[in-house]
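Step one of this worksheet: look at the structure below.
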Amino acid sequence: MRVLVVDDEVDLALAIARGLRRDGYAVDVVHSGEAALDATAHTSYDLLCLDLSMPGIDGRTVCRTLRQERGDPAKVLMLTARDTVEDRVAGLDDGADDYLVKPFAFPELAARVRMLLRRDTPHRASVLLVGPVRLDTARHVVSRGDRQLDLTAKEFALLRYFMSHAGEVISQERLLEHVWDENADPFTNTVRVTVGTLRRKLTTGDEEPLLETIVGAGYRLLGGAP
Amino acid sequence: MTPRGAAPASLGRAGRLADRLPPWTGSLKLRLAFLYSAVVFGLFALLIAGIYLGLSQSLAQQPILDRGVRVDPGQPGCVQVDRYLYCPDATVTEVEVPNMVRLIEKRANERALDQFKRYSFLALGGMFLVSLGVGWALAHRALLPIGRIIRVARRIQATDLSQRIDLEGPDDELKELADTFDGMLGRLEGAWENQRTFIHEASHELRNPIAVIRTNVDVALADEEAPADELRESLEVVGRAAERMGVLVDDLLTYARREAPAARGTVVDLGEVAARMAAQFEAPAAARHIHLALQASVGLLAHGDPVALDQALANLLANATRLAPEGSTVTVSAGRDGPWVWMAVTDEGPGIAAEEQAKVFERFWKGDPARSRAEGRSGLGLTIVRQIARGHGGSVALQSAAGEGSTFSVWLPAQDRAGDGPGGRSDSTDKADRSDKVDRADRADKGAGGKGPSDRASASANLADPAARPSLGSAR
């Protein structure tokens with residue numbers, strides 16, 4: 001899942017990004033509304049953590065532009081130091097999906113990000129289930145049957161993306177856009193390598209393979225929602 | 001002096017009287033009605049009594065018949081012609097009025113007086129009732145607006161001062177009272193609104209560094225295996241944010257304290273303030289290779305709080321030495337212009353765009369928010385300067401052109417001699433000076449395009465010229 005953090009408070013934006021990266025999201029950071037509009041024009045983010053009050057183009061304007069002019073489906077979590085009812089209503093009316101008042105506890109931000117990201121998926125809880133694979137997005141625990149899987153953050157993020165779109169054929173470009181951040185080099189075979197290691201960890205011994213490669217199109221996680 | 005001195009005593013008597021009255025007389029309306037009734041009744045009774053007395057006197061003294069006549073028909077008697085009796089030899093002689101007639105006269109007079117008395121008492125009784133009713137109605141009508149004032153005052157709560165009486169009707173004392181009350185409410189509402197906005201802004205400003213601290217701590221603590229350098233980095237960020245909060249809280253406190261009018265302590269020499277602050281900022285300026293020039297004479301006296309005036313100039317100097325380009329000159333100056341003394345800081349920095357100039361003295365204004373944050377500034381420095389100037393009955397002014405530097409100046413009412421207190425000059429003179437000064441500041445604020453204190457001084461000198469004043473006044 002690809003997340004864009006927009007906040008002119010540099011120290012705050014970087015801390016949020018670090019925390020979200022540790023949760024396995026691909027996170028980009030910008031510090032102004034202008035940069036946010038620029039970044040969202042080139043990349044389709046799954047979620048934006050957007051500061052409401054910034055000099056120049058503020059969060060509300062960014063949100064309105066995304067929603068009304070571009071029809072961007074990215075979820076928007078508005079962060080703001082203003083907490084009056086009018087502020088909240090205005091933010092939500094501009095198209096924000098959720099609203100978090102500064103200062104917030106990071107675990108709450110992480111929970112709201114998880115909640116927003118699973119809003120459009122069939123999974124309404126924080127645990128994803130596809131066939132024998134079980135992924136707990138909140139506790140970062142993955143298991144196949146009774147076997148606990150030991151995944152790196154990137155493998156975890158990759159598997160979460162596959163499980164959120166189980167049964168779909170997902171191209172390498174789409175993976176690069178949604179699971180890797182802007183620092184990934186599109187010309188290396190990092191996607192192929194990570195998919196390879198994830199596949200080896202998912203299937204050991206004589207277990208049924210779950211992640212299939214469709215030549216020329218991408219990958220697909222077998223099983224679908226139980 | 002005597003009536004003023006006597007007033008409290010009579011008030012005191014009225015107060016004691018009010019205390020002795022039974023509670024049901026507490027209604028002003030009732031008391032007014034009774035008072036009215038008593039006055040009308042008393043006047044009427046006096047009138048009747050006067051008429052009665054006069055009447056009874058005149059009736060008793062003047063008999064109706066002064067004298068009687070006796071008619072003796074004589075011989076040969078009288079002949080009736082038509083309706084007349086014709087007596088050719090009659091003689092008429094004056095005689096005393098008989099006692100019987102006198103008695104009848106007296107009785108008739110007494111009866112008339114008695115009748116008058118009876119009708120008078122009846123009329124008095126009726127008058128009493130009528131006056132009571134009219135008094136009540138008049139009091140009710142007169143006190144109607146007071147009821148309205150009371151109702152509005154009851155509705156007003158500390159958090160909602162938007163209620164107004166808006167009394168309609170003639171321009172009488174009650175309307176004046178209601179309008180005064182409305183005016184007071186307006187001022188209170190303004191002050192309250194200002195206070196609320198300030199708290200809102202301050203909490204907003206405080207929330208950002210707290211969010212930085214909290215998120216960094218949360219993220220650092222969540223990772224049990226975080227490398228030492230990452231933790232160290234988090235701690236540095238937290239330290240920066242805490243420092244920023246410290247500066248902000250200090251400035252907030254200074255600002256809140258200065259909300260109260262400045263303590264008009266002693267006579268301060270702005271020339272000395274300028275020299276003292278210039279010396280204090282010598283080192284920080286030198287560290288950035290900025291030349292600090294001082295152009296101030298001594299004897300520029302103003303009445304005020306020396307600590308506050310030091311701080312005002314220090315805030316201006318801190319801004320100038322921070323923002324001026326390296327190798328440039330920052331000038332501290334002080335001077336006198338008619339009834340005003342001023343001190344100013346001029347830099348050769350980037351200047352302030354015309355559209356921003358009106359905002360620089362506002363709370364939490366930051367020319368470059370990201371840079372302000374990085375440098376840990378509160379955005380209250382210039383607001384505090386303005387507050388101090390206003391607290392001393394003066395004002396602040398800014399002259400700036402983008403790319404050419406800025407001049408910030410503080411203007412205070414001049415003090416002629418060390419012993420000359422604020423009351424040494426008549427009020428009217430003070431006011432005239434003040435409005436004159438405000439005009440000047442307004443013109444400067446609107447970006448007249450001046451370049452420095454010398455320019456300012458010459459312009460000011462021109463304005464101080466008596467011949468120039470009438471045109472300035474008419475321009476308002």
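By order in the structure tokens, chains are A, B, ...; within a chain, residues start at 1; ligands start at 1, following the order shown.
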Next on the checklist: Need the shell around A:Arg114: protein/DNA/RNA residues with any atom at most 12 Å away, counting only C-alpha atoms. Skip same-chain ones fewer than 4 positions apart. Format as JSON, numbers by chain?
Outcome noted: {"A": [1, 3, 20, 23, 24, 25, 46, 47, 75, 77, 98, 107, 108, 109, 110, 118, 119, 120, 121, 123, 124, 125, 126, 127, 128, 136, 137, 138, 139, 140, 160, 164]}
With N, CA and C atoms retained, export the selected residues as a tab-separated table (two decimals), in the first residue's frame.
chain	number	residue	atom	x	y	z
A	1	MET	N	0.84	-1.19	0.00
A	1	MET	CA	0.00	0.00	0.00
A	1	MET	C	0.88	1.24	0.00
A	3	VAL	N	1.51	5.19	0.49
A	3	VAL	CA	0.97	6.29	1.30
A	3	VAL	C	1.79	7.55	1.04
A	20	LEU	N	5.03	4.53	9.60
A	20	LEU	CA	4.22	3.81	8.61
A	20	LEU	C	5.07	2.84	7.81
A	23	ASP	N	5.39	-0.27	9.47
A	23	ASP	CA	4.19	-1.09	9.34
A	23	ASP	C	4.06	-1.70	7.95
A	24	GLY	N	5.06	-1.48	7.11
A	24	GLY	CA	5.06	-2.14	5.82
A	24	GLY	C	4.41	-1.36	4.70
A	25	TYR	N	4.22	-0.06	4.90
A	25	TYR	CA	3.67	0.73	3.80
A	25	TYR	C	4.81	1.36	3.03
A	46	ASP	N	-2.62	5.02	-2.42
A	46	ASP	CA	-3.77	4.40	-1.78
A	46	ASP	C	-4.32	5.29	-0.68
A	47	LEU	N	-3.42	6.08	-0.07
A	47	LEU	CA	-3.86	6.91	1.04
A	47	LEU	C	-2.97	8.13	1.20
A	75	LYS	N	-7.60	7.37	-0.46
A	75	LYS	CA	-8.22	7.73	0.82
A	75	LYS	C	-7.47	8.93	1.40
A	77	LEU	N	-6.70	10.95	4.91
A	77	LEU	CA	-6.78	11.11	6.37
A	77	LEU	C	-6.26	12.51	6.68
A	98	ASP	N	-11.33	10.73	6.79
A	98	ASP	CA	-11.25	10.67	8.24
A	98	ASP	C	-10.47	11.89	8.72
A	107	PRO	N	-0.17	5.01	17.38
A	107	PRO	CA	-0.96	3.80	17.15
A	107	PRO	C	-2.37	4.11	16.63
A	108	GLU	N	-2.94	5.26	17.06
A	108	GLU	CA	-4.27	5.61	16.55
A	108	GLU	C	-4.20	5.95	15.07
A	109	LEU	N	-3.16	6.70	14.70
A	109	LEU	CA	-3.00	7.02	13.28
A	109	LEU	C	-2.86	5.74	12.46
A	110	ALA	N	-2.03	4.81	12.97
A	110	ALA	CA	-1.81	3.56	12.24
A	110	ALA	C	-3.12	2.78	12.12
A	118	ARG	N	-8.79	-0.80	4.40
A	118	ARG	CA	-9.58	-1.99	4.18
A	118	ARG	C	-11.05	-1.64	3.95
A	119	ARG	N	-11.33	-0.36	3.88
A	119	ARG	CA	-12.73	0.05	3.77
A	119	ARG	C	-13.38	-0.49	2.50
A	120	ASP	N	-12.63	-0.51	1.38
A	120	ASP	CA	-13.22	-0.94	0.12
A	120	ASP	C	-12.99	-2.42	-0.17
A	121	THR	N	-12.29	-3.10	0.73
A	121	THR	CA	-12.05	-4.52	0.49
A	121	THR	C	-13.14	-5.32	1.20
A	123	HIS	N	-12.71	-7.49	3.31
A	123	HIS	CA	-12.33	-7.77	4.70
A	123	HIS	C	-12.65	-6.56	5.55
A	124	ARG	N	-13.51	-6.74	6.52
A	124	ARG	CA	-13.87	-5.61	7.36
A	124	ARG	C	-13.07	-5.61	8.66
A	125	ALA	N	-12.39	-6.70	8.93
A	125	ALA	CA	-11.60	-6.73	10.16
A	125	ALA	C	-10.13	-6.50	9.81
A	126	SER	N	-9.30	-6.43	10.82
A	126	SER	CA	-7.90	-6.16	10.56
A	126	SER	C	-7.16	-7.44	10.15
A	127	VAL	N	-7.85	-8.58	10.15
A	127	VAL	CA	-7.21	-9.83	9.76
A	127	VAL	C	-7.66	-10.22	8.35
A	128	LEU	N	-6.69	-10.43	7.47
A	128	LEU	CA	-7.01	-10.85	6.10
A	128	LEU	C	-6.89	-12.36	6.03
A	136	ASP	N	-2.53	-10.81	9.92
A	136	ASP	CA	-3.07	-9.85	10.90
A	136	ASP	C	-2.37	-8.51	10.68
A	137	THR	N	-3.11	-7.56	10.09
A	137	THR	CA	-2.46	-6.29	9.73
A	137	THR	C	-2.10	-5.47	10.96
A	138	ALA	N	-2.82	-5.68	12.05
A	138	ALA	CA	-2.54	-4.88	13.24
A	138	ALA	C	-1.34	-5.41	14.00
A	139	ARG	N	-1.26	-6.77	14.12
A	139	ARG	CA	-0.17	-7.33	14.93
A	139	ARG	C	1.02	-7.80	14.11
A	140	HIS	N	0.87	-7.66	12.77
A	140	HIS	CA	1.98	-8.05	11.91
A	140	HIS	C	2.33	-9.53	12.04
A	160	ARG	N	0.31	-8.45	1.82
A	160	ARG	CA	-0.93	-7.75	2.17
A	160	ARG	C	-1.60	-7.21	0.91
A	164	SER	N	-5.21	-8.34	-0.39
A	164	SER	CA	-6.29	-7.36	-0.56
A	164	SER	C	-6.90	-7.46	-1.95
Next on the checklist: Would you mind listing, as number ranges by chain, all residues of chain B that have at least one atom within 8 Å of chain A, where only C-alpha atoms are what counts?
Outcome noted: B: 204, 207-208, 210-212, 214-216, 218-219, 237, 369-370
Write the residues of the selection above to a file with C-alpha atoms, as a PDB file, in the first residue's frame.
ATOM      1  CA  HIS B 204      -2.938  25.652  17.485  1.00  0.00           C
ATOM      2  CA  ARG B 207      -0.238  21.573  19.170  1.00  0.00           C
ATOM      3  CA  ASN B 208       2.232  21.296  16.328  1.00  0.00           C
ATOM      4  CA  ILE B 210       3.470  18.552  20.778  1.00  0.00           C
ATOM      5  CA  ALA B 211       2.432  16.454  17.792  1.00  0.00           C
ATOM      6  CA  VAL B 212       6.069  16.301  16.689  1.00  0.00           C
ATOM      7  CA  ARG B 214       4.405  12.660  20.609  1.00  0.00           C
ATOM      8  CA  THR B 215       4.686  11.036  17.180  1.00  0.00           C
ATOM      9  CA  ASN B 216       8.452  10.764  17.409  1.00  0.00           C
ATOM     10  CA  ASP B 218       5.512   6.803  19.775  1.00  0.00           C
ATOM     11  CA  VAL B 219       7.375   5.714  16.677  1.00  0.00           C
ATOM     12  CA  VAL B 237      13.861  16.143  16.974  1.00  0.00           C
ATOM     13  CA  PRO B 369       6.806  29.445   8.413  1.00  0.00           C
ATOM     14  CA  ALA B 370       9.207  26.584   7.724  1.00  0.00           C
TER      15      ALA B 370
END
Next on the checklist: Among stretch 296-375 of chain B, which ones does DSSP assign to alpha helix (DSSP H) (computed from the backbone)? Answer as a VMD selection string.
Outcome noted: chain B and resid 306 to 323 354 to 357 369 to 374
Those residues with C-alpha atoms, as a PDB file, in the first residue's frame please?
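Result written to part-v6.pdb:
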ATOM      1  CA  PRO B 306      12.282  50.656  30.948  1.00  0.00           C
ATOM      2  CA  VAL B 307      12.213  46.841  30.903  1.00  0.00           C
ATOM      3  CA  ALA B 308       9.350  46.777  28.419  1.00  0.00           C
ATOM      4  CA  LEU B 309      10.976  49.383  26.170  1.00  0.00           C
ATOM      5  CA  ASP B 310      14.248  47.438  26.287  1.00  0.00           C
ATOM      6  CA  GLN B 311      12.353  44.364  25.226  1.00  0.00           C
ATOM      7  CA  ALA B 312      10.573  46.145  22.384  1.00  0.00           C
ATOM      8  CA  LEU B 313      13.843  47.305  20.887  1.00  0.00           C
ATOM      9  CA  ALA B 314      15.481  43.935  21.578  1.00  0.00           C
ATOM     10  CA  ASN B 315      12.734  42.143  19.651  1.00  0.00           C
ATOM     11  CA  LEU B 316      13.227  44.453  16.678  1.00  0.00           C
ATOM     12  CA  LEU B 317      17.010  44.018  16.859  1.00  0.00           C
ATOM     13  CA  ALA B 318      16.733  40.239  17.155  1.00  0.00           C
ATOM     14  CA  ASN B 319      14.677  40.142  13.956  1.00  0.00           C
ATOM     15  CA  ALA B 320      17.020  42.490  12.108  1.00  0.00           C
ATOM     16  CA  THR B 321      20.247  40.739  13.083  1.00  0.00           C
ATOM     17  CA  ARG B 322      18.769  37.365  12.207  1.00  0.00           C
ATOM     18  CA  LEU B 323      17.348  38.285   8.820  1.00  0.00           C
ATOM     19  CA  ALA B 354       3.577  45.550   0.466  1.00  0.00           C
ATOM     20  CA  GLU B 355       0.703  43.111   0.899  1.00  0.00           C
ATOM     21  CA  GLU B 356       2.415  41.541   3.899  1.00  0.00           C
ATOM     22  CA  GLN B 357       3.220  44.809   5.644  1.00  0.00           C
ATOM     23  CA  PRO B 369       6.806  29.445   8.413  1.00  0.00           C
ATOM     24  CA  ALA B 370       9.207  26.584   7.724  1.00  0.00           C
ATOM     25  CA  ARG B 371      12.210  28.737   8.573  1.00  0.00           C
ATOM     26  CA  SER B 372      10.520  30.160  11.668  1.00  0.00           C
ATOM     27  CA  ARG B 373       9.918  26.645  12.899  1.00  0.00           C
ATOM     28  CA  ALA B 374      13.431  25.569  12.189  1.00  0.00           C
TER      29      ALA B 374
END
Next on the checklist: For B:Thr383, find every residue with an atom within 9 Å (counting only C-alpha atoms), except residues of its own chain fewer than 3 positions away, and show them as number ranges by chain.
Outcome noted: B: 255, 360-365, 379-380, 386-388
Emit the selected residues as a compact mmCIF listing (two decimals), in the first residue's frame, including N, CA and C atoms.
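Saved as selection_35.txt:
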# COMPACT_ATOMS: atom_id res chain seq x y z
N TYR B 255 3.33 38.11 26.25
CA TYR B 255 2.22 38.76 25.57
C TYR B 255 1.03 38.91 26.51
N VAL B 360 2.37 42.13 9.50
CA VAL B 360 3.56 41.72 10.26
C VAL B 360 3.38 41.83 11.77
N PHE B 361 2.54 42.78 12.21
CA PHE B 361 2.40 42.96 13.65
C PHE B 361 1.32 42.05 14.24
N GLU B 362 0.68 41.27 13.38
CA GLU B 362 -0.37 40.38 13.89
C GLU B 362 0.23 39.17 14.58
N ARG B 363 -0.57 38.59 15.45
CA ARG B 363 -0.10 37.43 16.21
C ARG B 363 0.24 36.27 15.28
N PHE B 364 1.32 35.61 15.57
CA PHE B 364 1.73 34.39 14.89
C PHE B 364 2.00 34.59 13.40
N TRP B 365 2.26 35.86 13.01
CA TRP B 365 2.64 36.06 11.62
C TRP B 365 4.08 35.59 11.46
N GLY B 379 6.53 33.83 16.46
CA GLY B 379 5.63 34.67 15.68
C GLY B 379 4.93 35.71 16.54
N LEU B 380 5.45 35.93 17.74
CA LEU B 380 4.82 36.91 18.63
C LEU B 380 5.70 38.14 18.87
N ARG B 386 4.38 45.89 19.33
CA ARG B 386 3.22 46.77 19.13
C ARG B 386 2.46 46.96 20.43
N GLN B 387 2.34 45.84 21.15
CA GLN B 387 1.61 45.88 22.41
C GLN B 387 2.28 46.85 23.40
N ILE B 388 3.62 46.76 23.47
CA ILE B 388 4.35 47.64 24.39
C ILE B 388 4.15 49.09 23.97
Item to check | Long-range neighbours of A:Leu210 as number ranges by chain, 12 Å cut-off, only C-alpha atoms, 5 positions minimum in chain | outcome: A: 130-133, 144, 159, 162-163, 166-167, 195, 198-204, 219-224
Let me see the file: selected residues, N, CA and C atoms, as a PDB file, in the first residue's frame.
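The resulting file, again26.pdb, is reproduced below:
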ATOM      1  N   VAL A 130      -6.987 -15.497   3.144  1.00  0.00           N
ATOM      2  CA  VAL A 130      -7.104 -15.972   1.762  1.00  0.00           C
ATOM      3  C   VAL A 130      -6.666 -17.429   1.764  1.00  0.00           C
ATOM      4  N   GLY A 131      -7.588 -18.338   1.487  1.00  0.00           N
ATOM      5  CA  GLY A 131      -7.262 -19.763   1.531  1.00  0.00           C
ATOM      6  C   GLY A 131      -6.718 -20.112   2.904  1.00  0.00           C
ATOM      7  N   PRO A 132      -5.547 -20.736   2.950  1.00  0.00           N
ATOM      8  CA  PRO A 132      -4.981 -21.121   4.246  1.00  0.00           C
ATOM      9  C   PRO A 132      -4.157 -19.994   4.878  1.00  0.00           C
ATOM     10  N   VAL A 133      -4.000 -18.886   4.150  1.00  0.00           N
ATOM     11  CA  VAL A 133      -3.102 -17.824   4.639  1.00  0.00           C
ATOM     12  C   VAL A 133      -3.893 -16.821   5.482  1.00  0.00           C
ATOM     13  N   ARG A 144       0.446 -19.637   7.622  1.00  0.00           N
ATOM     14  CA  ARG A 144      -0.225 -20.483   6.654  1.00  0.00           C
ATOM     15  C   ARG A 144      -0.589 -21.746   7.404  1.00  0.00           C
ATOM     16  N   LEU A 159       2.597  -9.221   0.453  1.00  0.00           N
ATOM     17  CA  LEU A 159       1.568 -10.231   0.691  1.00  0.00           C
ATOM     18  C   LEU A 159       0.233  -9.552   1.024  1.00  0.00           C
ATOM     19  N   PHE A 162      -1.299  -8.454  -2.149  1.00  0.00           N
ATOM     20  CA  PHE A 162      -1.855  -9.596  -2.880  1.00  0.00           C
ATOM     21  C   PHE A 162      -3.157 -10.050  -2.240  1.00  0.00           C
ATOM     22  N   MET A 163      -3.143 -10.107  -0.906  1.00  0.00           N
ATOM     23  CA  MET A 163      -4.338 -10.624  -0.223  1.00  0.00           C
ATOM     24  C   MET A 163      -5.506  -9.650  -0.326  1.00  0.00           C
ATOM     25  N   ALA A 166      -6.950 -10.478  -3.830  1.00  0.00           N
ATOM     26  CA  ALA A 166      -6.819 -11.905  -4.114  1.00  0.00           C
ATOM     27  C   ALA A 166      -7.618 -12.268  -5.371  1.00  0.00           C
ATOM     28  N   GLY A 167      -7.011 -13.126  -6.203  1.00  0.00           N
ATOM     29  CA  GLY A 167      -7.682 -13.576  -7.413  1.00  0.00           C
ATOM     30  C   GLY A 167      -7.440 -12.667  -8.603  1.00  0.00           C
ATOM     31  N   VAL A 195       9.043 -10.972  -4.792  1.00  0.00           N
ATOM     32  CA  VAL A 195       7.971 -11.950  -5.035  1.00  0.00           C
ATOM     33  C   VAL A 195       8.533 -13.360  -4.890  1.00  0.00           C
ATOM     34  N   LEU A 198       9.040 -14.205  -1.205  1.00  0.00           N
ATOM     35  CA  LEU A 198       7.733 -14.374  -0.563  1.00  0.00           C
ATOM     36  C   LEU A 198       7.148 -15.733  -0.944  1.00  0.00           C
ATOM     37  N   ARG A 199       7.289 -16.089  -2.234  1.00  0.00           N
ATOM     38  CA  ARG A 199       6.722 -17.353  -2.708  1.00  0.00           C
ATOM     39  C   ARG A 199       7.400 -18.528  -1.997  1.00  0.00           C
ATOM     40  N   ARG A 200       8.717 -18.444  -1.830  1.00  0.00           N
ATOM     41  CA  ARG A 200       9.440 -19.528  -1.158  1.00  0.00           C
ATOM     42  C   ARG A 200       8.982 -19.659   0.292  1.00  0.00           C
ATOM     43  N   LYS A 201       8.714 -18.518   0.963  1.00  0.00           N
ATOM     44  CA  LYS A 201       8.297 -18.583   2.366  1.00  0.00           C
ATOM     45  C   LYS A 201       6.857 -19.073   2.484  1.00  0.00           C
ATOM     46  N   LEU A 202       6.018 -18.758   1.478  1.00  0.00           N
ATOM     47  CA  LEU A 202       4.617 -19.168   1.536  1.00  0.00           C
ATOM     48  C   LEU A 202       4.467 -20.672   1.348  1.00  0.00           C
ATOM     49  N   THR A 203       5.301 -21.217   0.484  1.00  0.00           N
ATOM     50  CA  THR A 203       5.133 -22.619   0.124  1.00  0.00           C
ATOM     51  C   THR A 203       6.413 -23.381   0.414  1.00  0.00           C
ATOM     52  N   THR A 204       6.381 -24.243   1.393  1.00  0.00           N
ATOM     53  CA  THR A 204       7.552 -25.074   1.668  1.00  0.00           C
ATOM     54  C   THR A 204       7.134 -26.535   1.523  1.00  0.00           C
ATOM     55  N   TYR A 219       1.279 -11.357 -11.541  1.00  0.00           N
ATOM     56  CA  TYR A 219       1.147 -12.419 -10.550  1.00  0.00           C
ATOM     57  C   TYR A 219      -0.287 -12.490 -10.074  1.00  0.00           C
ATOM     58  N   ARG A 220      -0.624 -13.665  -9.490  1.00  0.00           N
ATOM     59  CA  ARG A 220      -1.961 -13.809  -8.938  1.00  0.00           C
ATOM     60  C   ARG A 220      -1.881 -14.680  -7.692  1.00  0.00           C
ATOM     61  N   LEU A 221      -2.588 -14.252  -6.641  1.00  0.00           N
ATOM     62  CA  LEU A 221      -2.674 -15.050  -5.418  1.00  0.00           C
ATOM     63  C   LEU A 221      -3.904 -15.925  -5.539  1.00  0.00           C
ATOM     64  N   LEU A 222      -3.713 -17.226  -5.434  1.00  0.00           N
ATOM     65  CA  LEU A 222      -4.821 -18.164  -5.599  1.00  0.00           C
ATOM     66  C   LEU A 222      -5.608 -18.273  -4.302  1.00  0.00           C
ATOM     67  N   GLY A 223      -6.829 -18.684  -4.430  1.00  0.00           N
ATOM     68  CA  GLY A 223      -7.615 -18.953  -3.225  1.00  0.00           C
ATOM     69  C   GLY A 223      -8.843 -18.083  -3.120  1.00  0.00           C
ATOM     70  N   GLY A 224      -8.683 -16.793  -3.188  1.00  0.00           N
ATOM     71  CA  GLY A 224      -9.831 -15.895  -3.005  1.00  0.00           C
ATOM     72  C   GLY A 224     -10.302 -15.916  -1.567  1.00  0.00           C
TER      73      GLY A 224
END
Checklist entry - Which residues, written as number ranges by chain, have at least one atom at most 9 Å from B:Val273, with only C-alpha atoms counted and residues fewer than 2 positions away on the same chain left out? => result B: 268-271, 275-278, 306, 309-310, 313, 334, 343
Dump as a PDB file, in the first residue's frame, selection limited to C-alpha atoms:
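Result saved to result_11.pdb:
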ATOM      1  CA  VAL B 268      13.058  56.620  30.216  1.00  0.00           C
ATOM      2  CA  ASP B 269      15.594  58.015  27.805  1.00  0.00           C
ATOM      3  CA  LEU B 270      15.095  56.291  24.441  1.00  0.00           C
ATOM      4  CA  GLY B 271      18.597  57.307  23.441  1.00  0.00           C
ATOM      5  CA  ALA B 275      22.617  52.551  23.131  1.00  0.00           C
ATOM      6  CA  ARG B 276      22.093  49.788  25.698  1.00  0.00           C
ATOM      7  CA  MET B 277      20.417  47.423  23.250  1.00  0.00           C
ATOM      8  CA  ALA B 278      22.929  48.171  20.510  1.00  0.00           C
ATOM      9  CA  PRO B 306      12.282  50.656  30.948  1.00  0.00           C
ATOM     10  CA  LEU B 309      10.976  49.383  26.170  1.00  0.00           C
ATOM     11  CA  ASP B 310      14.248  47.438  26.287  1.00  0.00           C
ATOM     12  CA  LEU B 313      13.843  47.305  20.887  1.00  0.00           C
ATOM     13  CA  ALA B 334      16.405  57.259  18.100  1.00  0.00           C
ATOM     14  CA  MET B 343      13.458  54.616  18.253  1.00  0.00           C
TER      15      MET B 343
END
Item to check | B:Lys359, B:Arg377, B:Arg107, B:Arg83 ranked by distance to B:Met245, top pick (using only C-alpha atoms) | outcome: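 So, comparing all the options, the nearest one is B:Arg377.
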Which polymer residues have any atom within 10 Å of an atom of B:Asp347, counting only C-alpha atoms, with same-chain residues fewer than 3 positions away left out, as a JSON list (two decimals) with C-alpha atoms, in the first residue's frame?
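Result written to around14.json:
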[["chain", "number", "residue", "atom", "x", "y", "z"],
["B", 290, "ILE", "CA", 26.72, 42.41, 10.53],
["B", 292, "LEU", "CA", 25.69, 47.50, 14.00],
["B", 317, "LEU", "CA", 17.01, 44.02, 16.86],
["B", 319, "ASN", "CA", 14.68, 40.14, 13.96],
["B", 320, "ALA", "CA", 17.02, 42.49, 12.11],
["B", 321, "THR", "CA", 20.25, 40.74, 13.08],
["B", 323, "LEU", "CA", 17.35, 38.29, 8.82],
["B", 324, "ALA", "CA", 19.83, 40.84, 7.51],
["B", 325, "PRO", "CA", 22.28, 39.46, 4.96],
["B", 328, "SER", "CA", 25.20, 44.39, 5.78],
["B", 329, "THR", "CA", 24.55, 47.19, 8.26],
["B", 330, "VAL", "CA", 21.82, 47.30, 10.86],
["B", 331, "THR", "CA", 21.16, 50.80, 12.21],
["B", 332, "VAL", "CA", 19.69, 51.53, 15.61],
["B", 350, "PRO", "CA", 15.08, 41.30, 2.02],
["B", 351, "GLY", "CA", 12.34, 43.78, 2.92],
["B", 400, "SER", "CA", 9.79, 48.61, 3.83],
["B", 404, "GLU", "CA", 15.71, 47.36, 0.03],
["B", 405, "GLY", "CA", 15.37, 46.54, 3.70],
["B", 406, "SER", "CA", 12.93, 47.56, 6.38],
["B", 407, "THR", "CA", 12.63, 50.14, 9.14],
["B", 408, "PHE", "CA", 10.62, 49.27, 12.20],
["B", 452, "GLY", "CA", 15.08, 54.70, 5.98]]
Item to check | Per-residue DSSP, stretch 121-156 of chain A, filtered to strand (DSSP E), as a list of chain:residue names | outcome: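 Selection result, strand (DSSP E) within stretch 121-156 of chain A: A:Val127, A:Leu128, A:Leu129, A:Val130, A:Val133, A:Arg134, A:Leu135, A:Asp136, A:Val141, A:Val142, A:Ser143, A:Arg144, A:Arg147, A:Gln148, A:Leu149.
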Would you output that residue set with C-alpha atoms, as a PDB file, in the first residue's frame?
ATOM      1  CA  VAL A 127      -7.213  -9.833   9.757  1.00  0.00           C
ATOM      2  CA  LEU A 128      -7.009 -10.852   6.104  1.00  0.00           C
ATOM      3  CA  LEU A 129      -7.805 -14.467   5.180  1.00  0.00           C
ATOM      4  CA  VAL A 130      -7.104 -15.972   1.762  1.00  0.00           C
ATOM      5  CA  VAL A 133      -3.102 -17.824   4.639  1.00  0.00           C
ATOM      6  CA  ARG A 134      -3.948 -15.543   7.559  1.00  0.00           C
ATOM      7  CA  LEU A 135      -2.484 -12.040   7.861  1.00  0.00           C
ATOM      8  CA  ASP A 136      -3.070  -9.855  10.904  1.00  0.00           C
ATOM      9  CA  VAL A 141       1.566 -11.804  12.184  1.00  0.00           C
ATOM     10  CA  VAL A 142       1.275 -14.055   9.131  1.00  0.00           C
ATOM     11  CA  SER A 143       0.556 -17.769   9.132  1.00  0.00           C
ATOM     12  CA  ARG A 144      -0.225 -20.483   6.654  1.00  0.00           C
ATOM     13  CA  ARG A 147       2.830 -22.537  10.389  1.00  0.00           C
ATOM     14  CA  GLN A 148       3.992 -19.042  11.361  1.00  0.00           C
ATOM     15  CA  LEU A 149       5.713 -17.162   8.535  1.00  0.00           C
TER      16      LEU A 149
END
Checklist entry - What gap, in Å, lies between atom CA of B:Ala139 and atom CA of B:Glu173? => result 14.8 Å
Next on the checklist: Using Å and a single decimal, report how far atom CA of A:Gly71 sits from atom CA of A:Asp94.
Outcome noted: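 Computed distance, atom CA of A:Asp94 to atom CA of A:Gly71, equals 12.5 Å.
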